[in-house]
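Novice: See upload21.tsv below, with TSV, C-alpha atoms and all ligand atoms.
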```
chain	number	residue	atom	x	y	z
T	1	MET	CA	-6.70	17.45	12.72
T	2	GLU	CA	-4.89	14.64	10.92
T	3	THR	CA	-3.20	13.47	14.13
T	4	SER	CA	-6.29	13.71	16.31
T	5	PRO	CA	-7.38	10.39	17.82
T	6	ARG	CA	-10.94	11.37	16.86
T	7	ALA	CA	-10.04	11.41	13.15
T	8	ALA	CA	-11.34	7.91	12.49
T	9	PHE	CA	-14.70	8.86	13.99
T	10	LEU	CA	-14.98	11.88	11.69
T	11	THR	CA	-13.81	10.26	8.51
T	12	LYS	CA	-14.98	6.67	8.62
T	13	ARG	CA	-17.72	7.18	6.06
T	14	PHE	CA	-15.30	8.17	3.28
T	15	ILE	CA	-11.96	6.67	4.36
T	16	ALA	CA	-11.14	3.00	5.02
T	17	GLY	CA	-8.85	3.81	7.93
T	18	MET	CA	-5.36	4.92	8.77
T	19	THR	CA	-3.51	1.71	7.87
T	20	LEU	CA	-3.06	-0.60	4.88
T	21	GLU	CA	-4.66	-3.41	6.89
T	22	ASP	CA	-7.83	-1.27	7.30
T	23	GLU	CA	-7.78	-0.72	3.56
T	24	LEU	CA	-7.32	-4.40	2.73
T	25	GLN	CA	-10.28	-5.37	4.87
T	26	VAL	CA	-12.52	-3.03	2.88
T	27	CYS	CA	-11.12	-4.46	-0.37
T	28	GLU	CA	-11.84	-8.02	0.85
T	29	ARG	CA	-15.43	-7.02	1.61
T	30	LEU	CA	-15.80	-5.41	-1.83
T	31	LYS	CA	-14.35	-8.52	-3.44
T	32	SER	CA	-16.95	-10.67	-1.67
T	33	GLU	CA	-19.64	-8.36	-3.09
T	34	GLY	CA	-18.26	-8.70	-6.62
T	35	ALA	CA	-16.68	-5.23	-6.82
T	36	PHE	CA	-13.14	-4.17	-7.72
T	37	ALA	CA	-11.20	-1.59	-5.73
T	38	ALA	CA	-8.78	1.26	-6.41
T	39	LEU	CA	-6.45	1.78	-3.44
T	40	ASP	CA	-5.63	5.41	-2.76
T	41	HIS	CA	-2.87	5.96	-0.22
T	42	LEU	CA	-3.84	9.49	0.80
T	43	GLY	CA	-1.32	12.24	0.24
T	44	GLU	CA	-0.68	15.16	-2.09
T	45	ASN	CA	1.67	18.10	-2.60
T	46	VAL	CA	4.50	16.63	-0.55
T	47	THR	CA	7.15	19.18	0.38
T	48	LYS	CA	10.06	16.81	1.09
T	49	ILE	CA	11.65	14.50	-1.45
T	50	GLU	CA	11.79	11.72	1.19
T	51	ASP	CA	8.01	11.89	1.49
T	52	ALA	CA	7.68	11.21	-2.25
T	53	ALA	CA	9.83	8.08	-1.86
T	54	ALA	CA	7.75	7.08	1.17
T	55	ALA	CA	4.56	7.42	-0.91
T	56	ARG	CA	6.08	5.21	-3.61
T	57	ASP	CA	7.00	2.63	-0.95
T	58	ALA	CA	3.51	2.70	0.54
T	59	TYR	CA	2.11	1.88	-2.91
T	60	LEU	CA	4.69	-0.89	-3.41
T	61	GLU	CA	3.52	-2.39	-0.13
T	62	ALA	CA	-0.09	-2.09	-1.31
T	63	LEU	CA	0.78	-3.82	-4.60
T	64	ALA	CA	2.49	-6.66	-2.71
T	65	SER	CA	-0.69	-7.17	-0.65
T	66	ILE	CA	-2.87	-7.04	-3.76
T	67	GLU	CA	-0.74	-9.84	-5.16
T	68	THR	CA	-0.58	-12.06	-2.07
T	69	ARG	CA	-4.26	-11.64	-1.19
T	70	LYS	CA	-5.33	-11.95	-4.85
T	71	LEU	CA	-7.46	-8.82	-4.68
T	72	PRO	CA	-9.13	-7.43	-7.81
T	73	ALA	CA	-7.61	-4.03	-7.08
T	74	SER	CA	-5.63	-1.29	-8.78
T	75	ILE	CA	-3.78	1.61	-7.16
T	76	SER	CA	-4.71	5.25	-7.65
T	77	LEU	CA	-2.32	8.08	-6.93
T	78	LYS	CA	-1.63	11.77	-7.27
T	79	LEU	CA	1.58	12.86	-8.99
T	80	THR	CA	2.12	15.56	-6.36
T	81	ALA	CA	2.29	12.76	-3.76
T	82	LEU	CA	5.18	11.35	-5.82
T	83	GLY	CA	6.97	14.70	-5.65
T	84	LEU	CA	5.86	16.47	-8.84
T	85	ASP	CA	6.22	19.89	-7.16
T	86	LEU	CA	9.83	19.10	-6.22
T	87	SER	CA	11.36	17.10	-9.06
T	88	GLU	CA	9.58	15.96	-12.21
T	89	ALA	CA	12.37	13.47	-12.91
T	90	ALA	CA	12.01	11.80	-9.49
T	91	CYS	CA	8.22	11.75	-9.86
T	92	VAL	CA	8.46	10.01	-13.27
T	93	GLU	CA	10.92	7.49	-11.87
T	94	HIS	CA	8.59	6.64	-8.96
T	95	LEU	CA	5.66	6.28	-11.35
T	96	ARG	CA	7.69	3.99	-13.64
T	97	THR	CA	8.63	1.80	-10.65
T	98	LEU	CA	4.97	1.47	-9.67
T	99	ALA	CA	3.77	0.87	-13.23
T	100	LYS	CA	6.40	-1.85	-13.74
T	101	ARG	CA	5.34	-3.61	-10.53
T	102	ALA	CA	1.63	-3.24	-11.35
T	103	GLN	CA	2.22	-4.71	-14.80
T	104	GLU	CA	4.11	-7.67	-13.28
T	105	ILE	CA	1.17	-8.57	-11.05
T	106	GLY	CA	-1.47	-7.89	-13.72
T	107	THR	CA	-3.08	-4.73	-12.40
T	108	ARG	CA	-3.22	-1.01	-13.20
T	109	VAL	CA	-1.95	2.34	-11.97
T	110	GLU	CA	-4.59	5.05	-12.04
T	111	VAL	CA	-3.48	8.67	-11.93
T	112	ASP	CA	-5.86	11.13	-10.28
T	113	MET	CA	-6.20	14.60	-11.77
T	114	GLU	CA	-5.47	17.53	-9.48
T	115	ALA	CA	-5.78	21.30	-9.98
T	116	SER	CA	-5.77	22.46	-13.61
T	117	SER	CA	-2.25	23.88	-13.34
T	118	TYR	CA	-1.01	20.27	-13.27
T	119	ALA	CA	-3.09	19.04	-16.22
T	120	GLU	CA	-0.63	19.26	-19.11
T	121	THR	CA	2.34	17.99	-17.05
T	122	THR	CA	0.26	15.09	-15.75
T	123	TYR	CA	-0.89	14.16	-19.27
T	124	ARG	CA	2.67	14.32	-20.58
T	125	ILE	CA	4.02	12.11	-17.77
T	126	VAL	CA	1.23	9.55	-18.12
T	127	GLU	CA	1.76	9.42	-21.89
T	128	LYS	CA	5.47	8.79	-21.38
T	129	VAL	CA	5.06	6.05	-18.76
T	130	ALA	CA	2.12	4.42	-20.59
T	131	ALA	CA	4.27	4.05	-23.72
T	132	GLU	CA	6.52	1.74	-21.68
T	133	PHE	CA	3.90	0.18	-19.37
T	134	PRO	CA	0.42	0.15	-20.91
T	135	VAL	CA	-1.29	-0.33	-17.53
T	136	MET	CA	-2.06	3.32	-16.90
T	137	ARG	CA	-5.44	4.95	-16.46
T	138	LEU	CA	-5.77	8.71	-16.28
T	139	ALA	CA	-8.52	10.74	-14.61
T	140	ILE	CA	-9.82	13.51	-16.87
T	141	GLN	CA	-12.07	16.28	-15.57
T	142	VAL	CA	-15.10	17.14	-17.67
T	143	TYR	CA	-15.30	20.72	-16.37
T	144	LEU	CA	-12.03	21.79	-18.06
T	145	HIS	CA	-12.61	23.54	-21.40
T	146	ARG	CA	-9.68	21.63	-22.89
T	147	THR	CA	-11.12	18.19	-22.11
T	148	PRO	CA	-12.84	17.23	-25.41
T	149	THR	CA	-9.48	17.55	-27.20
T	150	ASP	CA	-7.70	15.61	-24.45
T	151	ILE	CA	-10.22	12.77	-24.65
T	152	GLU	CA	-9.48	12.48	-28.39
T	153	ARG	CA	-5.76	12.54	-27.62
T	154	PHE	CA	-5.96	9.65	-25.13
T	155	ASN	CA	-8.40	7.64	-27.22
T	156	ARG	CA	-5.95	7.91	-30.10
T	157	LEU	CA	-3.11	6.72	-27.85
T	158	GLY	CA	-5.20	3.85	-26.47
T	159	ILE	CA	-4.74	5.06	-22.88
T	160	SER	CA	-7.56	4.25	-20.47
T	161	VAL	CA	-9.46	7.26	-19.10
T	162	ARG	CA	-11.48	7.68	-15.89
T	163	LEU	CA	-14.03	10.39	-16.63
T	164	VAL	CA	-14.90	12.61	-13.64
T	165	LYS	CA	-16.75	15.91	-13.34
T	166	GLY	CA	-13.90	17.64	-11.46
T	167	ALA	CA	-13.52	18.47	-7.77
T	168	TYR	CA	-11.33	21.61	-7.59
T	169	ARG	CA	-12.29	25.27	-7.65
T	170	GLU	CA	-11.28	26.56	-11.09
T	171	LEU	CA	-11.66	29.93	-12.80
T	172	PRO	CA	-14.09	30.52	-15.71
T	173	ASP	CA	-11.28	30.81	-18.25
T	174	VAL	CA	-10.24	27.21	-17.61
T	175	ALA	CA	-13.42	25.46	-16.48
T	176	ILE	CA	-17.18	25.35	-16.98
T	177	GLN	CA	-18.83	26.91	-13.91
T	178	LYS	CA	-22.45	25.79	-14.20
T	179	LYS	CA	-23.24	22.32	-12.85
T	180	SER	CA	-25.95	21.68	-15.46
T	181	GLU	CA	-23.42	22.38	-18.23
T	182	VAL	CA	-20.86	20.06	-16.63
T	183	ASP	CA	-23.51	17.33	-16.42
T	184	ARG	CA	-24.40	17.82	-20.08
T	185	ALA	CA	-20.74	17.69	-21.12
T	186	TYR	CA	-20.29	14.53	-19.04
T	187	SER	CA	-23.18	12.77	-20.85
T	188	HIS	CA	-21.65	13.62	-24.20
T	189	LEU	CA	-18.04	12.70	-23.36
T	190	MET	CA	-18.91	9.42	-21.67
T	191	LYS	CA	-20.55	8.31	-24.93
T	192	VAL	CA	-17.43	9.27	-26.88
T	193	LEU	CA	-15.37	7.18	-24.43
T	194	LEU	CA	-17.76	4.24	-24.46
T	195	LYS	CA	-17.61	4.19	-28.27
T	196	HIS	CA	-13.94	4.99	-28.88
T	197	GLY	CA	-12.07	4.70	-25.56
T	198	THR	CA	-9.84	1.95	-24.18
T	199	TYR	CA	-11.51	0.27	-21.21
T	200	PRO	CA	-12.79	3.57	-19.80
T	201	ALA	CA	-14.12	4.13	-16.28
T	202	LEU	CA	-17.14	6.31	-15.64
T	203	GLY	CA	-16.24	7.99	-12.34
T	204	THR	CA	-19.55	9.30	-11.06
T	205	GLN	CA	-22.30	8.74	-8.51
T	206	ASP	CA	-24.82	10.71	-10.55
T	207	GLU	CA	-27.76	8.35	-10.92
T	208	LYS	CA	-29.15	10.18	-13.95
T	209	ILE	CA	-25.84	9.77	-15.76
T	210	VAL	CA	-25.50	6.13	-14.68
T	211	ASN	CA	-29.00	5.43	-16.06
T	212	GLU	CA	-28.11	7.17	-19.30
T	213	ALA	CA	-24.89	5.15	-19.58
T	214	LEU	CA	-26.77	1.89	-18.99
T	215	ALA	CA	-29.35	2.78	-21.65
T	216	PHE	CA	-26.58	3.75	-24.08
T	217	VAL	CA	-24.50	0.57	-23.69
T	218	ARG	CA	-27.61	-1.58	-23.97
T	219	ALA	CA	-28.76	0.21	-27.12
T	220	LYS	CA	-25.28	0.04	-28.70
T	221	ARG	CA	-24.69	-3.52	-27.48
T	222	ILE	CA	-21.45	-2.55	-25.75
T	223	PRO	CA	-20.51	-5.58	-23.58
T	224	PRO	CA	-20.17	-5.03	-19.79
T	225	ASP	CA	-16.51	-6.10	-19.85
T	226	ARG	CA	-15.54	-3.14	-22.06
T	227	PHE	CA	-15.82	-0.47	-19.34
T	228	GLU	CA	-16.30	0.08	-15.59
T	229	PHE	CA	-18.26	2.31	-13.31
T	230	GLU	CA	-16.05	3.80	-10.64
T	231	MET	CA	-17.47	5.29	-7.44
T	232	LEU	CA	-16.11	6.63	-4.16
T	233	LEU	CA	-16.24	4.71	-0.89
T	234	GLY	CA	-19.17	5.83	1.26
T	235	ILE	CA	-21.15	7.54	-1.50
T	236	ARG	CA	-24.34	6.12	-3.02
T	237	SER	CA	-23.75	2.53	-1.87
T	238	ASP	CA	-27.28	1.74	-3.07
T	239	LEU	CA	-26.34	2.76	-6.61
T	240	GLN	CA	-23.10	0.79	-6.37
T	241	LYS	CA	-25.06	-2.35	-5.47
T	242	ARG	CA	-27.54	-1.75	-8.27
T	243	VAL	CA	-24.82	-1.50	-10.91
T	244	LEU	CA	-23.42	-4.86	-9.75
T	245	ARG	CA	-26.88	-6.42	-9.60
T	246	GLU	CA	-27.52	-5.40	-13.19
T	247	GLY	CA	-24.36	-7.25	-14.26
T	248	PHE	CA	-21.97	-4.33	-14.77
T	249	ARG	CA	-18.44	-3.81	-13.47
T	250	LEU	CA	-17.87	-1.54	-10.49
T	251	ARG	CA	-14.60	-0.32	-9.00
T	252	VAL	CA	-14.78	1.42	-5.64
T	253	TYR	CA	-12.18	4.08	-4.93
T	254	VAL	CA	-10.98	3.38	-1.39
T	255	PRO	CA	-8.72	5.94	0.32
T	256	TYR	CA	-6.65	5.18	3.41
T	257	GLY	CA	-3.84	6.73	5.40
T	258	ALA	CA	-3.15	9.59	7.74
T	259	ALA	CA	-3.12	12.46	5.23
T	260	TRP	CA	-6.90	12.52	4.94
T	261	TYR	CA	-7.69	16.19	5.40
T	262	PRO	CA	-7.69	17.57	1.79
T	263	TYR	CA	-9.58	14.53	0.44
T	264	PHE	CA	-12.14	14.75	3.21
T	265	MET	CA	-12.66	18.49	2.66
T	266	ARG	CA	-13.28	17.96	-1.06
T	267	ARG	CA	-15.98	15.40	-0.20
T	268	LEU	CA	-17.60	17.88	2.21
T	269	ALA	CA	-17.41	20.70	-0.30
T	270	GLU	CA	-19.17	18.65	-2.97
T	271	ARG	CA	-22.25	18.30	-0.83
T	272	PRO	CA	-23.18	20.84	1.85
T	273	ALA	CA	-25.49	18.25	3.46
T	274	ASN	CA	-22.33	16.39	4.50
T	275	VAL	CA	-21.34	19.31	6.70
T	276	PHE	CA	-24.65	19.11	8.59
T	277	PHE	CA	-24.23	15.35	8.89
T	278	LEU	CA	-20.77	15.89	10.35
T	279	LEU	CA	-21.93	18.60	12.76
T	280	ARG	CA	-24.79	16.42	13.94
T	281	ASN	CA	-22.35	13.59	14.69
T	282	LEU	CA	-19.96	15.95	16.45
T	283	LEU	CA	-22.73	17.31	18.66
T	284	ARG	CA	-23.90	13.82	19.46
T	301	LIG	P1	-22.80	14.96	-8.54
T	301	LIG	O1	-21.90	15.91	-7.85
T	301	LIG	O2	-23.86	15.47	-9.43
T	301	LIG	O3	-23.41	13.98	-7.46
T	301	LIG	C1	-24.37	12.99	-7.81
T	301	LIG	C2	-24.92	12.42	-6.53
T	301	LIG	O4	-23.89	11.69	-5.86
T	301	LIG	C3	-25.36	13.46	-5.51
T	301	LIG	O5	-26.69	13.85	-5.74
T	301	LIG	C4	-25.19	12.71	-4.21
T	301	LIG	O6	-26.27	11.82	-4.00
T	301	LIG	C5	-23.97	11.90	-4.47
T	301	LIG	N1	-22.73	12.58	-4.05
T	301	LIG	C6	-21.80	13.15	-4.85
T	301	LIG	N2	-20.78	13.63	-4.13
T	301	LIG	C7	-21.08	13.37	-2.84
T	301	LIG	C8	-20.42	13.61	-1.59
T	301	LIG	N3	-19.23	14.21	-1.55
T	301	LIG	N4	-21.03	13.20	-0.46
T	301	LIG	C9	-22.21	12.57	-0.48
T	301	LIG	N5	-22.89	12.31	-1.62
T	301	LIG	C10	-22.33	12.69	-2.78
T	301	LIG	N6	-12.17	14.60	-9.13
T	301	LIG	C11	-11.03	15.17	-9.57
T	301	LIG	O7	-10.98	16.38	-9.73
T	301	LIG	N7	-9.93	14.40	-9.82
T	301	LIG	C12	-9.95	13.04	-9.70
T	301	LIG	O8	-8.96	12.38	-9.96
T	301	LIG	C13	-11.15	12.43	-9.25
T	301	LIG	N8	-11.24	11.09	-9.08
T	301	LIG	C14	-12.46	10.51	-8.81
T	301	LIG	C15	-12.59	9.13	-8.81
T	301	LIG	C16	-13.83	8.56	-8.66
T	301	LIG	C17	-13.96	7.06	-8.67
T	301	LIG	C18	-14.98	9.38	-8.49
T	301	LIG	C19	-16.36	8.79	-8.36
T	301	LIG	C20	-14.84	10.73	-8.43
T	301	LIG	C21	-13.60	11.32	-8.58
T	301	LIG	N9	-13.45	12.70	-8.54
T	301	LIG	C22	-12.26	13.25	-8.97
T	301	LIG	C23	-14.53	13.55	-8.00
T	301	LIG	C24	-15.44	14.07	-9.08
T	301	LIG	O9	-14.77	15.02	-9.85
T	301	LIG	C25	-16.71	14.71	-8.48
T	301	LIG	O10	-16.35	15.80	-7.70
T	301	LIG	C26	-17.52	13.77	-7.62
T	301	LIG	O11	-17.56	12.48	-8.15
T	301	LIG	C27	-18.99	14.25	-7.49
T	301	LIG	O12	-19.58	14.26	-8.75
T	301	LIG	P2	-20.63	13.17	-9.28
T	301	LIG	O13	-20.21	12.79	-10.65
T	301	LIG	O14	-20.76	12.04	-8.36
T	301	LIG	O15	-21.97	13.96	-9.47
```
Can you give me the file's structure in the form of structure tokens?
Specialist:
Amino acid sequence: METSPRAAFLTKRFIAGMTLEDELQVCERLKSEGAFAALDHLGENVTKIEDAAAARDAYLEALASIETRKLPASISLKLTALGLDLSEAACVEHLRTLAKRAQEIGTRVEVDMEASSYAETTYRIVEKVAAEFPVMRLAIQVYLHRTPTDIERFNRLGISVRLVKGAYRELPDVAIQKKSEVDRAYSHLMKVLLKHGTYPALGTQDEKIVNEALAFVRAKRIPPDRFEFEMLLGIRSDLQKRVLREGFRLRVYVPYGAAWYPYFMRRLAERPANVFFLLRNLLR
């Protein structure tokens, strides 16, 4: 599917395109609308060490373009794209290289959170690299039972957190299963982050939660430059515009590249209506 010429037609709602140039055009548009971007060069669970180096190089190229085009953009990556399954040492080295370059040009490296089996290793690696380059932001999934303790840990260390509900299928012993409970936990933890976190990002398109966050920061007089909302390309653009209109910061997560299949499937799985939308387009 990833090499099909019809891929762009299927994926264009959620993915900027196959090339960095496609990505940069979306970032330019976002910039003109007053939004920041997080560039995600798609890829995960690489099985060859050369592919991990290629992922690092793709991000270095993205950072160079961010610098020359003066884009208000960070990069966002998965440690398994940098070879975590193959060599932790190589993965850390690639991450250090990217963090150093990001720091030089005044931006950030955001680390996505993958399946729960990677959680502790990911936290440990981010902690290590952030001690040297304090430009890291780490995604933390609300649905994991361990998360309240981890939020405290990263608040204490002054490492920026992107709070997300969690997009992987996890078992009851590691994760909350009921959506209403995840939503409740999100409301609570976002307030902890807004009060005690270091420039946190609220990674959600849930309008109820966004409204609650806005009411909370207004009541507590938390200035809009102390945190960001972060939302995915192609999802709730109306809400994205509203957040900007109301004077708050928004970063849009913009994926690009050929390895789109797992990302795309997670977006479909989150919302069954997307599958019908896709089928309708295919039939048409
Ligand atoms: P919820 O699922 O309640 O959706 C709220 C509303 O948003 C829906 O009613 C619908 O209108 C809209 N919506 C949500 N998902 C949609 C979709 N796929 N298609 C169409 N509409 C949709 N997860 C993870 O495990 N690791 C990570 O690193 C990240 N990173 C990340 C970054 C950013 C910026 C965001 C916004 C999200 C992530 N996620 C993630 C994904 C996250 O865990 C979660 O699965 C999705 O954000 C959906 O949850 P919401 O908080 O949006 O709420």
Novice: Excluding Leu194 in chain T and any residue of its chain fewer than 3 positions from it, enumerate the residues within 8 Å of it, using all atoms listed in the file, and give them as a VMD selection string.
Specialist: chain T and resid 190 to 191 197 200 217 222 227
Novice: Env of Arg267 in chain T: 9 Å cut, atoms = only C-alpha atoms, seq-sep filter 5 positions within chain, self excluded. Answer as a list of chain:residue names.
Specialist: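 With the cut-off at 9 Å, the set is T:Phe14, T:Ala167, T:Pro262, T:Asn274.
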Novice: Can you write out as CSV which residues of chain T fall within 7 Å of ligand LIG 301 (chain T), alongside each residue's closest atom pair and its distance in Å to one decimal, counting all atoms listed in the file and ordering rows by chain and ascending residue number?
Specialist:
```
residue,atom,partner,partner_atom,distance
T:Val111,CA,T:LIG301,O8,6.9
T:Asp112,CA,T:LIG301,O8,3.4
T:Met113,CA,T:LIG301,O8,4.0
T:Glu114,CA,T:LIG301,N7,5.5
T:Ala139,CA,T:LIG301,O8,5.0
T:Gln141,CA,T:LIG301,O7,5.9
T:Val164,CA,T:LIG301,O9,4.5
T:Lys165,CA,T:LIG301,O9,4.1
T:Gly166,CA,T:LIG301,O9,3.2
T:Ala167,CA,T:LIG301,O7,3.8
T:Tyr168,CA,T:LIG301,O7,5.7
T:Gly203,CA,T:LIG301,C19,4.1
T:Thr204,CA,T:LIG301,O13,3.6
T:Gln205,CA,T:LIG301,O14,3.6
T:Asp206,CA,T:LIG301,C1,3.6
T:Glu207,CA,T:LIG301,C1,6.5
T:Glu230,CA,T:LIG301,C17,4.3
T:Met231,CA,T:LIG301,C19,3.8
T:Leu232,CA,T:LIG301,C19,4.7
T:Ile235,CA,T:LIG301,N5,5.1
T:Arg236,CA,T:LIG301,C5,6.0
T:Val252,CA,T:LIG301,C17,6.5
T:Tyr253,CA,T:LIG301,C17,5.1
T:Arg267,CA,T:LIG301,N3,3.7
T:Leu268,CA,T:LIG301,N3,5.5
T:Ala269,CA,T:LIG301,N3,6.9
T:Glu270,CA,T:LIG301,N3,4.7
T:Arg271,CA,T:LIG301,C8,5.1
T:Asn274,CA,T:LIG301,N4,6.0
```
Novice: To one decimal in Å, tell me the separation between CA of Leu278 in chain T and CA of Gly257 in chain T.
Specialist: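 Going from CA of Leu278 in chain T over to CA of Gly257 in chain T covers 19.9 Å.
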Novice: How close does range 118-180 of chain T get to range 70-93 of chain T? List, as a Markdown table, each residue of range 118-180 of chain T within 10 Å, its nearest atom pair and the distance in Å to one decimal, counting all atoms listed in the file.
Specialist:
```
| residue | atom | partner | partner_atom | distance |
| --- | --- | --- | --- | --- |
| T:Tyr118 | CA | T:Thr80 | CA | 8.9 |
| T:Thr121 | CA | T:Glu88 | CA | 8.9 |
| T:Thr122 | CA | T:Leu79 | CA | 7.2 |
| T:Ile125 | CA | T:Val92 | CA | 6.7 |
| T:Val126 | CA | T:Val92 | CA | 8.7 |
| T:Lys128 | CA | T:Val92 | CA | 8.7 |
| T:Val129 | CA | T:Val92 | CA | 7.6 |
| T:Val135 | CA | T:Ser74 | CA | 9.8 |
| T:Met136 | CA | T:Ser76 | CA | 9.8 |
| T:Arg137 | CA | T:Ser76 | CA | 8.8 |
| T:Leu138 | CA | T:Ser76 | CA | 9.4 |
| T:Ala139 | CA | T:Ser76 | CA | 9.6 |
```
Novice: Quick one: pull the distance between CA of Leu250 in chain T and CA of Phe229 in chain T, Å, one decimal.
Specialist: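 Distance between the two atoms: 4.8 Å.
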Novice: Select, from T:Thr147, T:Thr68, T:Thr19, T:Thr11, the residue with the minimum atom-to-atom distance to Val182 in chain T, counting all atoms listed in the file.
Specialist: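 That would be T:Thr147, the residue with the smallest distance to Val182 in chain T.
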Novice: Pick the closest to Glu212 in chain T from T:Glu28, T:His94, T:Gln103, T:Tyr186: which is it, counting only C-alpha atoms?
Specialist: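 Result for the nearest residue to Glu212 in chain T: T:Tyr186.
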Novice: I need the residue nearest Glu246 in chain T from this list: T:Ile105, T:Pro5, T:Gly34, T:Leu157. Use only C-alpha atoms for the distance.
Specialist: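 Of T:Ile105, T:Pro5, T:Gly34, T:Leu157, the one nearest Glu246 in chain T is T:Gly34, counting only C-alpha atoms.
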Novice: Interatomic distance between CA of Ala35 in chain T and CA of Ile66 in chain T?
Specialist: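 Interatomic distance, CA of Ala35 in chain T to CA of Ile66 in chain T: 14.3 Å.
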Novice: Residues at most 9 Å from Glu132 in chain T, counting all atoms listed in the file, excluding those fewer than 2 positions away in the same chain, as a short mmCIF file (atom, residue, chain, number, x, y, z; two decimals) with C-alpha atoms, in the coordinates of the input?
Specialist:
```
data_model
loop_
_atom_site.label_atom_id
_atom_site.label_comp_id
_atom_site.auth_asym_id
_atom_site.auth_seq_id
_atom_site.Cartn_x
_atom_site.Cartn_y
_atom_site.Cartn_z
CA ARG T 96 7.69 3.99 -13.64
CA ALA T 99 3.77 0.87 -13.23
CA LYS T 100 6.40 -1.85 -13.74
CA LYS T 128 5.47 8.79 -21.38
CA VAL T 129 5.06 6.05 -18.76
CA ALA T 130 2.12 4.42 -20.59
CA PRO T 134 0.42 0.15 -20.91
#
```
Novice: Which of these residues is nearest to Ala62 in chain T, using only C-alpha atoms: T:Leu244, T:Ala102, T:Leu144, T:Ala16?
Specialist: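 Closest to Ala62 in chain T, using only C-alpha atoms: T:Ala102.
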Novice: For Glu44 in chain T, which residue among T:Arg226, T:Phe154, T:Tyr261, T:Arg280 is the nearest when counting all atoms listed in the file?
Specialist: T:Tyr261
Novice: Which residue out of T:Val192, T:Val243, T:Val142, T:Leu282 has the minimum interatomic distance to Gln177 in chain T when only C-alpha atoms are used?
Specialist: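 Counting only C-alpha atoms, the residue closest to Gln177 in chain T is T:Val142.
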Novice: Assuming the input is short of atoms at range 128-139 of chain T, produce N, CA, C and O atoms for that part as a PDB file, in the frame of the given file.
Specialist:
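Here's the written file rebuild.pdb:
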```
ATOM      1  N   LYS T 128       4.109   9.326 -21.333  1.00  0.00           N
ATOM      2  CA  LYS T 128       5.470   8.790 -21.380  1.00  0.00           C
ATOM      3  C   LYS T 128       5.530   7.413 -20.700  1.00  0.00           C
ATOM      4  O   LYS T 128       6.069   6.456 -21.260  1.00  0.00           O
ATOM      5  N   VAL T 129       4.970   7.313 -19.498  1.00  0.00           N
ATOM      6  CA  VAL T 129       5.060   6.050 -18.760  1.00  0.00           C
ATOM      7  C   VAL T 129       4.174   4.979 -19.420  1.00  0.00           C
ATOM      8  O   VAL T 129       4.554   3.804 -19.488  1.00  0.00           O
ATOM      9  N   ALA T 130       3.022   5.398 -19.954  1.00  0.00           N
ATOM     10  CA  ALA T 130       2.120   4.420 -20.590  1.00  0.00           C
ATOM     11  C   ALA T 130       2.737   3.826 -21.849  1.00  0.00           C
ATOM     12  O   ALA T 130       2.435   2.689 -22.209  1.00  0.00           O
ATOM     13  N   ALA T 131       3.631   4.581 -22.508  1.00  0.00           N
ATOM     14  CA  ALA T 131       4.270   4.050 -23.720  1.00  0.00           C
ATOM     15  C   ALA T 131       5.127   2.840 -23.355  1.00  0.00           C
ATOM     16  O   ALA T 131       5.283   1.908 -24.127  1.00  0.00           O
ATOM     17  N   GLU T 132       5.669   2.841 -22.135  1.00  0.00           N
ATOM     18  CA  GLU T 132       6.520   1.740 -21.680  1.00  0.00           C
ATOM     19  C   GLU T 132       5.697   0.657 -20.955  1.00  0.00           C
ATOM     20  O   GLU T 132       5.945  -0.532 -21.101  1.00  0.00           O
ATOM     21  N   PHE T 133       4.723   1.112 -20.158  1.00  0.00           N
ATOM     22  CA  PHE T 133       3.900   0.180 -19.370  1.00  0.00           C
ATOM     23  C   PHE T 133       2.427   0.509 -19.629  1.00  0.00           C
ATOM     24  O   PHE T 133       1.881   1.446 -19.019  1.00  0.00           O
ATOM     25  N   PRO T 134       1.788  -0.237 -20.523  1.00  0.00           N
ATOM     26  CA  PRO T 134       0.420   0.150 -20.910  1.00  0.00           C
ATOM     27  C   PRO T 134      -0.630  -0.259 -19.871  1.00  0.00           C
ATOM     28  O   PRO T 134      -1.649  -0.846 -20.204  1.00  0.00           O
ATOM     29  N   VAL T 135      -0.347   0.037 -18.591  1.00  0.00           N
ATOM     30  CA  VAL T 135      -1.290  -0.330 -17.530  1.00  0.00           C
ATOM     31  C   VAL T 135      -1.814   0.927 -16.831  1.00  0.00           C
ATOM     32  O   VAL T 135      -2.296   0.869 -15.711  1.00  0.00           O
ATOM     33  N   MET T 136      -1.701   2.060 -17.537  1.00  0.00           N
ATOM     34  CA  MET T 136      -2.060   3.320 -16.900  1.00  0.00           C
ATOM     35  C   MET T 136      -3.522   3.681 -17.199  1.00  0.00           C
ATOM     36  O   MET T 136      -4.037   3.377 -18.269  1.00  0.00           O
ATOM     37  N   ARG T 137      -4.138   4.322 -16.220  1.00  0.00           N
ATOM     38  CA  ARG T 137      -5.440   4.950 -16.460  1.00  0.00           C
ATOM     39  C   ARG T 137      -5.348   6.367 -15.900  1.00  0.00           C
ATOM     40  O   ARG T 137      -4.810   6.575 -14.813  1.00  0.00           O
ATOM     41  N   LEU T 138      -5.907   7.310 -16.637  1.00  0.00           N
ATOM     42  CA  LEU T 138      -5.770   8.710 -16.280  1.00  0.00           C
ATOM     43  C   LEU T 138      -7.137   9.322 -16.002  1.00  0.00           C
ATOM     44  O   LEU T 138      -8.062   9.159 -16.810  1.00  0.00           O
ATOM     45  N   ALA T 139      -7.262  10.030 -14.877  1.00  0.00           N
ATOM     46  CA  ALA T 139      -8.520  10.740 -14.610  1.00  0.00           C
ATOM     47  C   ALA T 139      -8.548  12.026 -15.427  1.00  0.00           C
ATOM     48  O   ALA T 139      -7.556  12.763 -15.464  1.00  0.00           O
TER      49      ALA T 139
END
```
